[in-house]
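Listing of work-v1.txt, compact mmCIF, C-alpha atoms
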# COMPACT_ATOMS: atom_id res chain seq x y z
CA MET A 190 47.48 0.09 -95.13
CA VAL A 191 47.96 1.49 -91.66
CA ASP A 192 51.13 3.19 -90.50
CA GLU A 193 52.93 0.89 -88.11
CA LYS A 194 52.94 3.39 -85.25
CA GLU A 195 49.34 4.41 -85.82
CA GLY A 196 48.41 0.77 -86.28
CA TYR A 197 49.95 -0.04 -82.89
CA THR A 198 47.97 2.77 -81.26
CA PHE A 199 44.81 1.59 -83.02
CA CYS A 200 45.37 -2.02 -81.84
CA PHE A 201 46.04 -0.86 -78.29
CA SER A 202 42.91 1.34 -78.03
CA GLU A 203 40.86 -1.40 -79.72
CA ARG A 204 42.11 -3.83 -77.10
CA ARG A 205 41.09 -1.43 -74.31
CA ARG A 206 37.66 -1.05 -75.89
CA MET A 207 37.29 -4.82 -76.07
CA LYS A 208 38.31 -5.16 -72.42
CA LYS A 209 35.71 -2.57 -71.46
CA LEU A 210 33.09 -4.37 -73.50
CA ILE A 211 33.94 -7.71 -71.91
CA LEU A 212 33.75 -6.15 -68.44
CA ILE A 213 30.36 -4.63 -69.25
CA ILE A 214 29.08 -7.97 -70.55
CA ILE A 215 30.33 -9.77 -67.43
CA PHE A 216 28.68 -7.12 -65.24
CA LEU A 217 25.37 -7.46 -67.10
CA MET A 218 25.48 -11.25 -66.84
CA ASN A 219 26.05 -11.04 -63.09
CA LEU A 220 23.20 -8.57 -62.84
CA SER A 221 20.82 -10.97 -64.51
CA VAL A 222 21.89 -13.80 -62.17
CA VAL A 223 21.54 -11.58 -59.08
CA SER A 224 18.05 -10.42 -60.06
CA ALA A 225 16.81 -13.98 -60.75
CA SER A 226 13.77 -15.03 -58.76
CA VAL A 227 12.29 -18.24 -57.43
CA GLY A 228 8.56 -18.78 -57.25
CA VAL A 229 5.86 -21.41 -56.99
CA GLY A 230 2.10 -21.56 -57.45
CA VAL A 231 -0.71 -23.97 -56.64
CA SER A 232 -4.08 -24.37 -58.30
CA PRO A 233 -6.78 -24.50 -57.03
CA ALA A 234 -6.40 -21.77 -54.44
CA LYS A 235 -8.82 -23.55 -52.15
CA LEU A 236 -10.73 -26.84 -51.99
CA SER A 237 -14.08 -27.28 -50.27
CA ASP A 238 -15.93 -30.58 -50.42
CA THR A 239 -18.08 -33.04 -48.54
CA ILE A 240 -17.20 -36.70 -48.38
CA PHE A 241 -18.89 -39.62 -46.66
CA THR A 242 -17.54 -42.11 -44.19
CA GLY A 243 -15.40 -44.69 -45.92
CA GLU A 244 -15.29 -42.73 -49.16
CA VAL A 245 -12.09 -42.05 -51.10
CA LYS A 246 -11.91 -38.99 -53.32
CA GLU A 247 -9.17 -37.76 -55.61
CA TYR A 248 -8.42 -34.20 -56.65
CA ASP A 249 -6.02 -32.74 -59.21
CA TYR A 250 -3.65 -30.00 -58.12
CA ILE A 251 -1.53 -28.07 -60.60
CA ILE A 252 1.88 -26.89 -59.42
CA TYR A 253 3.75 -24.29 -61.45
CA ASN A 254 6.90 -22.17 -61.44
CA THR A 255 6.53 -18.39 -61.29
CA GLY A 256 10.26 -17.66 -61.07
CA ASP A 257 13.02 -17.31 -63.61
CA ILE A 258 14.92 -20.52 -62.99
CA ASN A 259 14.08 -24.22 -62.97
CA ILE A 260 12.96 -25.55 -59.61
CA THR A 261 12.02 -28.75 -57.87
CA ALA A 262 8.88 -28.11 -55.87
CA LYS A 263 8.09 -30.28 -52.87
CA ILE A 264 4.46 -31.04 -52.05
CA SER A 265 3.30 -31.79 -48.52
CA ILE A 266 0.16 -31.79 -46.42
CA GLU A 267 -0.31 -29.90 -43.16
CA GLY A 268 -3.24 -30.05 -40.77
CA GLU A 269 -5.87 -32.42 -39.43
CA LEU A 270 -6.15 -34.56 -42.55
CA SER A 271 -2.43 -35.16 -43.03
CA ASP A 272 -2.82 -38.83 -41.99
CA TYR A 273 -5.69 -39.33 -44.43
CA ILE A 274 -4.18 -37.79 -47.55
CA ASP A 275 -1.82 -39.35 -50.09
CA ILE A 276 0.05 -37.37 -52.71
CA SER A 277 0.91 -38.94 -56.05
CA GLU A 278 3.90 -36.69 -56.85
CA LYS A 279 5.74 -35.26 -53.87
CA GLU A 280 8.61 -33.72 -55.82
CA ILE A 281 8.04 -32.05 -59.16
CA PHE A 282 10.60 -30.54 -61.50
CA LEU A 283 9.24 -27.39 -63.10
CA LEU A 284 10.28 -25.08 -65.89
CA PRO A 285 9.53 -21.37 -65.47
CA GLU A 286 6.21 -20.07 -66.73
CA PRO A 287 6.47 -17.84 -69.80
CA GLU A 288 5.65 -14.18 -69.31
CA PRO A 289 3.02 -12.95 -68.80
CA HIS A 290 1.98 -15.58 -66.29
CA ARG A 291 -1.51 -16.90 -66.87
CA LEU A 292 -3.96 -19.58 -65.89
CA PRO A 293 -4.06 -22.39 -66.61
CA PRO A 294 -0.27 -22.54 -66.30
CA VAL A 295 1.65 -23.46 -69.44
CA ASN A 296 4.39 -25.56 -67.82
CA GLY A 297 2.45 -26.61 -64.75
CA LYS A 298 2.31 -30.24 -63.70
CA ILE A 299 -0.42 -32.19 -61.99
CA THR A 300 -0.17 -34.00 -58.71
CA LYS A 301 -3.12 -35.96 -57.35
CA ILE A 302 -4.35 -35.61 -53.79
CA ARG A 303 -6.29 -38.63 -52.52
CA ILE A 304 -8.38 -38.18 -49.42
CA LYS A 305 -9.70 -41.21 -47.56
CA SER A 306 -12.28 -40.11 -45.08
CA PRO A 307 -11.91 -41.03 -41.43
CA LEU A 308 -14.54 -43.36 -39.96
CA LEU A 309 -16.98 -41.24 -38.00
CA LEU A 310 -20.40 -41.61 -36.44
CA HIS A 311 -21.07 -37.86 -36.57
CA GLU A 312 -20.42 -35.01 -38.97
CA LYS A 313 -17.11 -33.20 -38.61
CA ASN A 314 -15.28 -30.38 -40.41
CA TYR A 315 -11.59 -30.69 -41.19
CA THR A 316 -9.06 -28.08 -42.28
CA SER A 317 -5.76 -28.83 -43.95
CA LYS A 318 -3.31 -27.31 -46.38
CA VAL A 319 -1.59 -28.48 -49.52
CA VAL A 320 1.84 -26.85 -49.37
CA ALA A 321 4.15 -26.41 -52.35
CA SER A 322 7.61 -25.29 -51.33
CA VAL A 323 10.86 -24.51 -53.06
CA ASN A 324 14.24 -24.48 -51.38
CA PRO A 325 17.31 -23.44 -53.35
CA GLY A 326 19.36 -24.68 -50.40
CA PHE A 327 22.05 -22.05 -50.05
CA GLY A 328 22.92 -19.21 -47.71
CA GLY A 329 23.75 -18.94 -44.03
CA LEU A 330 20.03 -18.80 -43.36
CA ILE A 331 18.67 -21.57 -45.57
CA THR A 332 15.34 -20.41 -46.78
CA THR A 333 12.22 -21.94 -48.19
CA GLY A 334 9.54 -20.21 -50.16
CA ALA A 335 6.12 -21.81 -49.93
CA VAL A 336 2.51 -21.38 -50.93
CA ALA A 337 -0.30 -23.15 -49.12
CA SER A 338 -3.72 -23.95 -50.57
CA ASN A 339 -6.44 -24.49 -47.98
CA ILE A 340 -8.55 -27.67 -47.87
CA TYR A 341 -11.93 -27.64 -46.12
CA ILE A 342 -13.52 -31.07 -45.92
CA THR A 343 -16.80 -31.99 -44.22
CA VAL A 344 -17.06 -35.66 -43.40
CA LYS A 345 -20.61 -36.95 -43.08
CA PRO A 346 -21.44 -40.33 -41.66
CA ARG A 347 -23.08 -42.74 -44.06
CA TYR A 348 -25.25 -44.90 -41.87
CA SER A 349 -25.67 -47.56 -44.53
CA PHE A 350 -21.90 -48.02 -44.19
CA TYR A 351 -22.45 -49.26 -40.64
CA PHE A 352 -25.87 -50.81 -41.25
CA LYS A 353 -24.32 -53.50 -43.46
CA TYR A 354 -22.25 -54.70 -40.52
CA ILE A 355 -25.20 -54.58 -38.15
CA ILE A 356 -27.24 -56.78 -40.50
CA LEU A 357 -24.31 -59.15 -40.88
CA LEU A 358 -24.07 -59.40 -37.11
CA PHE A 359 -27.80 -60.08 -36.95
CA ILE A 360 -27.44 -62.90 -39.48
CA ILE A 361 -24.61 -64.44 -37.52
CA ILE A 362 -26.68 -64.30 -34.31
CA VAL A 363 -29.70 -65.89 -35.98
CA PHE A 364 -27.53 -68.58 -37.54
CA TYR A 365 -25.97 -69.29 -34.16
CA LEU A 366 -29.41 -69.61 -32.54
CA VAL A 367 -30.59 -71.98 -35.25
CA ILE A 368 -27.54 -74.19 -34.89
CA LYS A 369 -27.91 -74.16 -31.12
CA LYS A 370 -31.57 -75.14 -31.31
CA ARG A 371 -30.81 -77.99 -33.70
CA GLY A 372 -28.05 -79.15 -31.44
CA SER A 373 -30.27 -79.16 -28.34
CA ARG A 374 -32.75 -81.47 -30.09
CA MET B 129 -37.12 -74.04 -37.72
CA LYS B 130 -38.88 -72.74 -40.84
CA LYS B 131 -39.40 -69.40 -39.12
CA TYR B 132 -35.67 -69.08 -38.44
CA LEU B 133 -34.82 -70.03 -42.00
CA ILE B 134 -37.17 -67.37 -43.38
CA ILE B 135 -35.69 -64.73 -41.10
CA MET B 136 -32.17 -65.73 -42.17
CA ILE B 137 -33.01 -65.61 -45.87
CA LEU B 138 -34.66 -62.20 -45.53
CA SER B 139 -31.64 -60.90 -43.61
CA VAL B 140 -29.22 -62.12 -46.27
CA LEU B 141 -31.33 -60.51 -48.99
CA MET B 142 -31.40 -57.24 -47.08
CA PHE B 143 -27.64 -57.37 -46.62
CA ILE B 144 -27.04 -58.02 -50.31
CA SER B 145 -29.34 -55.17 -51.30
CA LEU B 146 -27.39 -52.79 -49.06
CA LEU B 147 -24.14 -53.81 -50.73
CA PHE B 148 -25.38 -52.85 -54.16
CA VAL B 149 -27.89 -50.07 -53.60
CA GLY B 150 -25.61 -47.70 -51.69
CA ASN B 151 -26.74 -44.44 -50.08
CA ASN B 152 -30.23 -45.52 -49.01
CA PHE B 153 -29.91 -44.22 -45.47
CA THR B 154 -28.16 -40.91 -45.91
CA GLY B 155 -31.42 -39.04 -46.05
CA TYR B 156 -30.51 -37.35 -49.35
CA ASP B 157 -32.61 -37.61 -52.44
CA SER B 158 -30.81 -37.47 -55.70
CA ALA B 159 -32.82 -36.27 -58.61
CA GLN B 160 -30.72 -35.15 -61.52
CA LEU B 161 -32.53 -33.04 -64.08
CA SER B 162 -29.63 -31.36 -65.84
CA ASN B 163 -25.94 -30.55 -65.48
CA LEU B 164 -24.51 -27.10 -65.23
CA THR B 165 -20.71 -26.91 -65.18
CA ALA B 166 -18.34 -23.99 -64.97
CA ASN B 167 -14.62 -24.60 -64.74
CA ILE B 168 -13.28 -21.66 -62.77
CA VAL B 169 -9.52 -21.86 -62.36
CA SER B 170 -8.13 -20.42 -59.14
CA ALA B 171 -4.58 -20.32 -57.85
CA ILE B 172 -2.22 -18.84 -55.33
CA ALA B 173 1.37 -18.10 -56.27
CA CYS B 174 4.31 -16.15 -54.89
CA THR B 175 7.69 -15.23 -56.28
CA PHE B 176 10.64 -14.68 -53.97
CA SER B 177 13.63 -12.57 -54.90
CA ASN B 178 16.81 -14.59 -55.20
CA ASP B 179 18.23 -12.72 -52.22
CA ALA B 180 15.14 -13.49 -50.14
CA LEU B 181 16.09 -17.15 -50.40
CA ASN B 182 19.77 -16.52 -49.75
CA VAL B 183 20.18 -14.55 -46.53
CA SER B 184 23.57 -14.05 -44.90
CA PHE B 185 24.55 -11.99 -41.85
CA GLY B 186 28.26 -11.98 -42.61
CA ASP B 187 31.32 -14.16 -42.40
CA ALA B 188 33.23 -12.60 -39.52
CA ILE B 189 30.74 -11.44 -36.90
CA THR B 190 31.27 -11.22 -33.18
CA ALA B 191 29.04 -12.16 -30.29
CA GLY B 192 27.27 -9.36 -28.44
CA SER B 193 26.67 -7.26 -31.56
CA ASN B 194 23.83 -6.67 -34.01
CA TYR B 195 24.09 -7.24 -37.72
CA ASN B 196 22.23 -6.33 -40.85
CA ALA B 197 21.39 -9.04 -43.33
CA SER B 198 23.79 -8.55 -46.21
CA LYS B 199 21.22 -7.19 -48.66
CA ASN B 200 19.33 -4.86 -46.31
CA PHE B 201 20.84 -1.74 -47.83
CA VAL B 202 21.97 -2.10 -51.40
CA ASP B 203 22.73 0.35 -54.17
CA LEU B 204 22.71 4.13 -54.06
CA HIS B 205 19.14 4.29 -52.71
CA SER B 206 19.79 1.84 -49.88
CA ASN B 207 17.02 -0.41 -51.13
CA THR B 208 16.48 -3.83 -49.65
CA TRP B 209 16.75 -6.72 -52.05
CA TYR B 210 14.59 -8.98 -49.91
CA ASN B 211 11.11 -9.08 -51.38
CA ILE B 212 8.14 -11.26 -52.23
CA THR B 213 5.79 -10.69 -55.13
CA ILE B 214 2.22 -11.93 -55.13
CA ASP B 215 2.08 -13.38 -58.62
CA ILE B 216 -0.54 -12.03 -61.03
CA THR B 217 -2.02 -15.52 -61.34
CA SER B 218 -3.14 -15.37 -57.71
CA SER B 219 -6.91 -15.25 -57.80
CA SER B 220 -7.28 -14.02 -54.24
CA ASN B 221 -5.48 -11.81 -51.74
CA LEU B 222 -2.78 -13.46 -49.70
CA ASN B 223 -1.09 -13.25 -46.33
CA VAL B 224 2.65 -13.78 -46.14
CA SER B 225 3.95 -15.22 -42.88
CA ILE B 226 7.34 -16.31 -41.63
CA LYS B 227 8.81 -18.93 -39.32
CA GLY B 228 12.27 -20.33 -38.71
CA THR B 229 14.52 -22.81 -36.96
CA ASN B 230 17.52 -22.10 -34.78
CA PHE B 231 21.06 -21.54 -36.04
CA ILE B 232 23.11 -24.64 -35.36
CA SER B 233 26.86 -25.20 -35.29
CA GLY B 234 27.73 -28.60 -33.94
CA SER B 235 26.34 -28.71 -30.40
CA ASN B 236 25.95 -24.95 -30.22
CA SER B 237 22.86 -23.03 -31.23
CA VAL B 238 21.58 -19.50 -31.57
CA GLY B 239 17.82 -19.07 -31.26
CA ILE B 240 16.00 -17.96 -34.38
CA GLY B 241 14.23 -15.48 -32.14
CA ASN B 242 17.42 -13.42 -32.33
CA VAL B 243 16.49 -12.58 -35.91
CA SER B 244 14.10 -9.65 -36.24
CA TRP B 245 12.49 -8.12 -39.29
CA SER B 246 10.41 -5.23 -40.59
CA SER B 247 8.43 -5.09 -43.81
CA ASN B 248 6.93 -2.48 -46.09
CA THR B 249 4.43 -3.08 -48.86
CA THR B 250 5.06 0.12 -50.79
CA SER B 251 8.72 1.03 -50.63
CA SER B 252 11.96 -0.95 -50.80
CA ASN B 253 13.54 1.71 -48.60
CA GLY B 254 10.61 2.30 -46.25
CA SER B 255 11.42 4.40 -43.21
CA ASN B 256 9.82 1.83 -40.91
CA MET B 257 12.33 -0.84 -41.87
CA VAL B 258 14.94 -0.03 -39.26
CA PHE B 259 16.59 -1.94 -36.44
CA PRO B 260 15.39 -3.42 -34.07
CA GLY B 261 12.52 -4.28 -36.41
CA ASN B 262 8.84 -4.94 -35.78
CA ALA B 263 8.88 -8.61 -34.88
CA ASN B 264 11.14 -11.56 -34.21
CA ILE B 265 11.06 -14.82 -36.11
CA SER B 266 9.57 -17.73 -34.15
CA ASN B 267 9.47 -21.49 -34.64
CA SER B 268 5.88 -21.41 -35.88
CA TYR B 269 4.14 -19.17 -38.37
CA ASP B 270 3.36 -15.88 -36.66
CA VAL B 271 -0.14 -15.02 -37.85
CA ASN B 272 -0.20 -11.86 -35.73
CA ASN B 273 2.86 -10.37 -37.41
CA LEU B 274 2.71 -10.82 -41.14
CA ILE B 275 5.25 -9.81 -43.76
CA ALA B 276 2.23 -8.82 -45.85
CA SER B 277 -1.44 -8.87 -45.01
CA ASP B 278 -4.29 -9.08 -47.52
CA ALA B 279 -1.81 -8.48 -50.35
CA VAL B 280 -3.36 -8.16 -53.77
CA SER B 281 -2.25 -9.93 -56.89
CA GLY B 282 0.80 -8.22 -58.41
CA SER B 283 1.84 -6.44 -55.20
CA VAL B 284 5.30 -6.63 -53.64
CA ALA B 285 6.32 -6.84 -49.98
CA TYR B 286 9.82 -5.70 -49.02
CA TYR B 287 11.57 -6.52 -45.78
CA ARG B 288 14.82 -6.21 -43.88
CA MET B 289 16.28 -8.59 -41.32
CA TRP B 290 18.71 -8.21 -38.41
CA LEU B 291 20.59 -10.66 -36.23
CA ARG B 292 21.21 -9.89 -32.59
CA LEU B 293 24.08 -12.21 -31.69
CA PRO B 294 24.00 -12.95 -27.96
CA SER B 295 27.12 -12.42 -25.91
CA GLY B 296 28.99 -15.58 -25.17
CA THR B 297 28.00 -17.27 -28.42
CA SER B 298 30.66 -19.80 -29.30
CA GLY B 299 32.54 -19.42 -32.55
CA GLY B 300 31.62 -21.52 -35.57
CA GLN B 301 29.77 -21.68 -38.85
CA TYR B 302 26.09 -21.44 -37.91
CA SER B 303 23.26 -22.38 -40.20
CA GLY B 304 19.54 -21.88 -39.62
CA THR B 305 16.39 -21.86 -41.74
CA TYR B 306 13.43 -19.66 -42.32
CA THR B 307 10.32 -20.17 -44.39
CA LEU B 308 8.19 -17.57 -46.08
CA ARG B 309 4.69 -18.80 -46.78
CA CYS B 310 1.86 -17.34 -48.81
CA THR B 311 -1.65 -18.40 -47.89
CA GLU B 312 -5.16 -17.33 -48.75
CA LEU B 313 -6.93 -15.23 -46.15

Once you've parsed the file, please lay out its structure as structure tokens.
Amino acid sequence: MVDEKEGYTFCFSERRRMKKLILIIIFLMNLSVVSASVGVGVSPAKLSDTIFTGEVKEYDYIIYNTGDINITAKISIEGELSDYIDISEKEIFLLPEPEPHRLPPVNGKITKIRIKSPLLLHEKNYTSKVVASVNPGFGGLITTGAVASNIYITVKPRYSFYFKYIILLFIIIVFYLVIKKRGSR
Amino acid sequence: MKKYLIIMILSVLMFISLLFVGNNFTGYDSAQLSNLTANIVSAIACTFSNDALNVSFGDAITAGSNYNASKNFVDLHSNTWYNITIDITSSSNLNVSIKGTNFISGSNSVGIGNVSWSSNTTSSNGSNMVFPGNANISNSYDVNNLIASDAVSGSVAYYRMWLRLPSGTSGGQYSGTYTLRCTEL
């Protein structure tokens, strides 16, 4: 049993200790929030390929979160092929990768990039980028963090692609001549 | 008449064969003897400090003066809390570039070029990171002035930012954007 006066002193100092503890906990919590990070990754780092006129090719890209908090990554295309590329998932919700970060990513998600080659009569090289960006959306200067994976595509003409149409035209011309000759008789 | 019919039939047959045979005229032979596959995973990834994506120059600033970003000098060592980490999953060295858009408040604007920066890839209190900075932010990625150049996986780039607020700037809550982007060399 504690003496009333001593008990009061004990309760009071215990209360002060608790207050200090609570303040320390609050401080530590704020510290962890302040030091949080936001990050994004793209795999593969680079894509190089050759496609032929009229061809459509699809590639898998993995997007992953290298920060500490959940993010929604936005996927976009920059460069010469931006009109020829479709993206299956343009916004992806991602959980953070567990430490240590490794490849292949544990919580990464796949988005498909589909490239439809332009119609060309000669070979041409194209450069584009697949950009994954994250934007927490706060602050006087609203900021975006982004990573960009390069795409290098060589488009080669496939002459058989055009030859089909030349033959078809030839058939139509021959057919027309035959009909005309029959008509003139 | 028979001659024309024969020519037509041969043309149709040729056309049909082109539809189904495929790459006859590309000039490439395909002779597959065996398959060798190696799945090499590559990636690029960056992590941005929470403060790097949350930049403020203050709530009560006056035109005609220069201002530090709020986290330029933090803690007892005056470290900057603006940093970017090249994630360890990055399989190649990266460049980090920056671009921005103007500050807007209603019909008023402050050019993003009034924001300058300096970076250091070894110290969060590097002596080079002082006003007026090494470069100004522009509307497109400045490949000649990089936050970090040829940065290896696991490295960190620190930076500070300053706002030079032109005289005569009208009062208001201004908001602009800037983007940090990591790309392969």

Point to revise | Selection: 10 Å around Val227 (chain A), all atoms listed in the file, excl. self and same-chain fewer than 4 positions, as an MDAnalysis selection string | key: (chainID A and resid 254:260 285 323:325 333:334) or (chainID B and resid 174:181 212)

Practice item. Select, from B:Cys310, B:Leu164, B:Ile134, B:Ile226, the residue with the minimum atom-to-atom distance to chain A, counting all atoms listed in the file. Key: B:Cys310

Should the cut-off be 7 Å, what would the residue list for chain A against chain B look like, counting all atoms listed in the file, as a PDB file with C-alpha atoms, in the coordinates of the input?
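result-v5.pdb was written with the following content:
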ATOM      1  CA  VAL A 223      21.540 -11.580 -59.080  1.00  0.00           C
ATOM      2  CA  SER A 224      18.050 -10.420 -60.060  1.00  0.00           C
ATOM      3  CA  ALA A 225      16.810 -13.980 -60.750  1.00  0.00           C
ATOM      4  CA  SER A 226      13.770 -15.030 -58.760  1.00  0.00           C
ATOM      5  CA  VAL A 227      12.290 -18.240 -57.430  1.00  0.00           C
ATOM      6  CA  GLY A 228       8.560 -18.780 -57.250  1.00  0.00           C
ATOM      7  CA  VAL A 229       5.860 -21.410 -56.990  1.00  0.00           C
ATOM      8  CA  GLY A 230       2.100 -21.560 -57.450  1.00  0.00           C
ATOM      9  CA  VAL A 231      -0.710 -23.970 -56.640  1.00  0.00           C
ATOM     10  CA  SER A 232      -4.080 -24.370 -58.300  1.00  0.00           C
ATOM     11  CA  PRO A 233      -6.780 -24.500 -57.030  1.00  0.00           C
ATOM     12  CA  ALA A 234      -6.400 -21.770 -54.440  1.00  0.00           C
ATOM     13  CA  THR A 255       6.530 -18.390 -61.290  1.00  0.00           C
ATOM     14  CA  GLY A 256      10.260 -17.660 -61.070  1.00  0.00           C
ATOM     15  CA  HIS A 290       1.980 -15.580 -66.290  1.00  0.00           C
ATOM     16  CA  ARG A 291      -1.510 -16.900 -66.870  1.00  0.00           C
ATOM     17  CA  LEU A 292      -3.960 -19.580 -65.890  1.00  0.00           C
ATOM     18  CA  PRO A 293      -4.060 -22.390 -66.610  1.00  0.00           C
ATOM     19  CA  PHE A 327      22.050 -22.050 -50.050  1.00  0.00           C
ATOM     20  CA  GLY A 328      22.920 -19.210 -47.710  1.00  0.00           C
ATOM     21  CA  GLY A 329      23.750 -18.940 -44.030  1.00  0.00           C
ATOM     22  CA  LEU A 330      20.030 -18.800 -43.360  1.00  0.00           C
ATOM     23  CA  ILE A 331      18.670 -21.570 -45.570  1.00  0.00           C
ATOM     24  CA  THR A 332      15.340 -20.410 -46.780  1.00  0.00           C
ATOM     25  CA  THR A 333      12.220 -21.940 -48.190  1.00  0.00           C
ATOM     26  CA  GLY A 334       9.540 -20.210 -50.160  1.00  0.00           C
ATOM     27  CA  ALA A 335       6.120 -21.810 -49.930  1.00  0.00           C
ATOM     28  CA  VAL A 336       2.510 -21.380 -50.930  1.00  0.00           C
ATOM     29  CA  ALA A 337      -0.300 -23.150 -49.120  1.00  0.00           C
ATOM     30  CA  SER A 338      -3.720 -23.950 -50.570  1.00  0.00           C
ATOM     31  CA  ARG A 347     -23.080 -42.740 -44.060  1.00  0.00           C
ATOM     32  CA  TYR A 348     -25.250 -44.900 -41.870  1.00  0.00           C
ATOM     33  CA  SER A 349     -25.670 -47.560 -44.530  1.00  0.00           C
ATOM     34  CA  LYS A 353     -24.320 -53.500 -43.460  1.00  0.00           C
ATOM     35  CA  ILE A 356     -27.240 -56.780 -40.500  1.00  0.00           C
ATOM     36  CA  LEU A 357     -24.310 -59.150 -40.880  1.00  0.00           C
ATOM     37  CA  ILE A 360     -27.440 -62.900 -39.480  1.00  0.00           C
ATOM     38  CA  VAL A 363     -29.700 -65.890 -35.980  1.00  0.00           C
ATOM     39  CA  VAL A 367     -30.590 -71.980 -35.250  1.00  0.00           C
TER      40      VAL A 367
END

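Across the structure, CA of Ser237 (chain B) and CA of Ser193 (chain B) are spaced 16.2 Å apart.
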
Exercise for review: Could you please determine the separation between CA of Tyr248 (chain A) and CA of Glu312 (chain A) in Å, to one decimal place?
Suggested key: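 Separation of CA of Tyr248 (chain A) and CA of Glu312 (chain A): 21.4 Å.
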
Exercise for review: Write out as a PyMOL selection string which residues come within 10 Å of Asn248 (chain B) when counting only C-alpha atoms, dropping same-chain ones fewer than 3 positions away.
Suggested key: chain B and resi 211+251-257+275-276+284-288

Output the selection as a PDB file, in the coordinates of the input - C-alpha atoms for each residue.
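File produced: result16.pdb:
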ATOM      1  CA  ASN B 211      11.110  -9.080 -51.380  1.00  0.00           C
ATOM      2  CA  SER B 251       8.720   1.030 -50.630  1.00  0.00           C
ATOM      3  CA  SER B 252      11.960  -0.950 -50.800  1.00  0.00           C
ATOM      4  CA  ASN B 253      13.540   1.710 -48.600  1.00  0.00           C
ATOM      5  CA  GLY B 254      10.610   2.300 -46.250  1.00  0.00           C
ATOM      6  CA  SER B 255      11.420   4.400 -43.210  1.00  0.00           C
ATOM      7  CA  ASN B 256       9.820   1.830 -40.910  1.00  0.00           C
ATOM      8  CA  MET B 257      12.330  -0.840 -41.870  1.00  0.00           C
ATOM      9  CA  ILE B 275       5.250  -9.810 -43.760  1.00  0.00           C
ATOM     10  CA  ALA B 276       2.230  -8.820 -45.850  1.00  0.00           C
ATOM     11  CA  VAL B 284       5.300  -6.630 -53.640  1.00  0.00           C
ATOM     12  CA  ALA B 285       6.320  -6.840 -49.980  1.00  0.00           C
ATOM     13  CA  TYR B 286       9.820  -5.700 -49.020  1.00  0.00           C
ATOM     14  CA  TYR B 287      11.570  -6.520 -45.780  1.00  0.00           C
ATOM     15  CA  ARG B 288      14.820  -6.210 -43.880  1.00  0.00           C
TER      16      ARG B 288
END

Check your understanding: What does the distance between CA of Ser237 (chain A) and CA of Ala262 (chain A) come to in Å, to one decimal place?
Key -> 23.6 Å

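Across B:Pro294, B:Gly282, B:Gly192, B:Gly239, the tightest approach to Asn267 (chain B) is made by B:Gly239 when counting only C-alpha atoms.
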